[in-house]
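In what follows, a single structure is set out as structure tokens and then discussed.
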Amino acid sequence: IAYFESARHLTTTQAGHVVACLLLGMAFGTPLAGSIVAKYPHPYRIMMIGSSVALTLMLIILYGPFSNPWLLGLFIFLFGVVSGVQVLV
């Protein structure tokens, strides 16, 4: 929360909502990743794709020019969704 307050100039409430988006994304992404891996015979590919997308999203979150906290929350939610594949390891 302190990072979002200092680097992104969000209020404490806005920073809390942004962090909550990560947890919500993981809540949706983890079961989704499990069901995708159960249907496809190559879970390694799914994990590599999810990790690559998560890295890309994290770089966008850290270095992107976000002035809107809702847009930042959306990207963090998507990061949480694709980070669900990390549970498969």
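Chains: A, B, ... in order of the structure tokens. Residues: from 1 per chain. Ligands: from 1, in order shown.
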Show me, as CSV, the residues of range 44-85 of chain A having an atom within 6 Å of range 4-23 of chain A, each with the closest atom pair and its distance in Å, using only C-alpha atoms.
residue,atom,partner,partner_atom,distance
A:Gly73,CA,A:Val18,CA,4.7
A:Ile76,CA,A:Leu22,CA,5.4
A:Phe77,CA,A:Cys21,CA,4.8
A:Gly80,CA,A:Leu22,CA,4.8
Considering only C-alpha atoms, return as a PyMOL selection string whatever protein or nucleic-acid residues lie within 12 Å of Ile60 in chain A, sequence-local ones (same chain, fewer than 5 positions apart) excluded. chain A and resi 53-55+65-66+71-72+74-76+78-79
Export of the given selection (C-alpha atoms) as a PDB file, in the first residue's frame:
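As written to disk, part-v7.pdb reads:
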ATOM      1  CA  VAL A  53       1.915 -12.795 -19.237  1.00  0.00           C
ATOM      2  CA  ALA A  54       2.328 -12.152 -15.495  1.00  0.00           C
ATOM      3  CA  LEU A  55       5.834 -10.774 -16.066  1.00  0.00           C
ATOM      4  CA  PRO A  65       1.903   5.864 -16.680  1.00  0.00           C
ATOM      5  CA  PHE A  66      -1.306   5.176 -14.761  1.00  0.00           C
ATOM      6  CA  LEU A  71      -7.141   1.257 -14.668  1.00  0.00           C
ATOM      7  CA  LEU A  72      -4.302   0.352 -12.323  1.00  0.00           C
ATOM      8  CA  LEU A  74      -7.758  -3.578 -13.621  1.00  0.00           C
ATOM      9  CA  PHE A  75      -4.171  -4.395 -14.551  1.00  0.00           C
ATOM     10  CA  ILE A  76      -3.464  -5.675 -11.050  1.00  0.00           C
ATOM     11  CA  LEU A  78      -5.432  -9.281 -14.513  1.00  0.00           C
ATOM     12  CA  PHE A  79      -2.026  -9.890 -12.951  1.00  0.00           C
TER      13      PHE A  79
END
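Relative to CA of Ile1 in chain A, CA of Leu57 in chain A is found at 18.3 Å.
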Would you mind listing what lies within 10 Å of range 35-41 of chain A as a ChimeraX atom specification, with only C-alpha atoms counted and same-chain residues fewer than 5 positions away left out? /A:29-30,46-47,85,88
Record the distance separating CA of Ile61 in chain A and CA of Tyr3 in chain A, expressed in Å with one decimal.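 A separation of 11.8 Å between them.
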Apply DSSP to the structure's backbone, then extract all residues of chain A labelled helix (DSSP H, G or I) and return them as a ChimeraX atom specification. /A:2-7,12-39,43-63,69-88
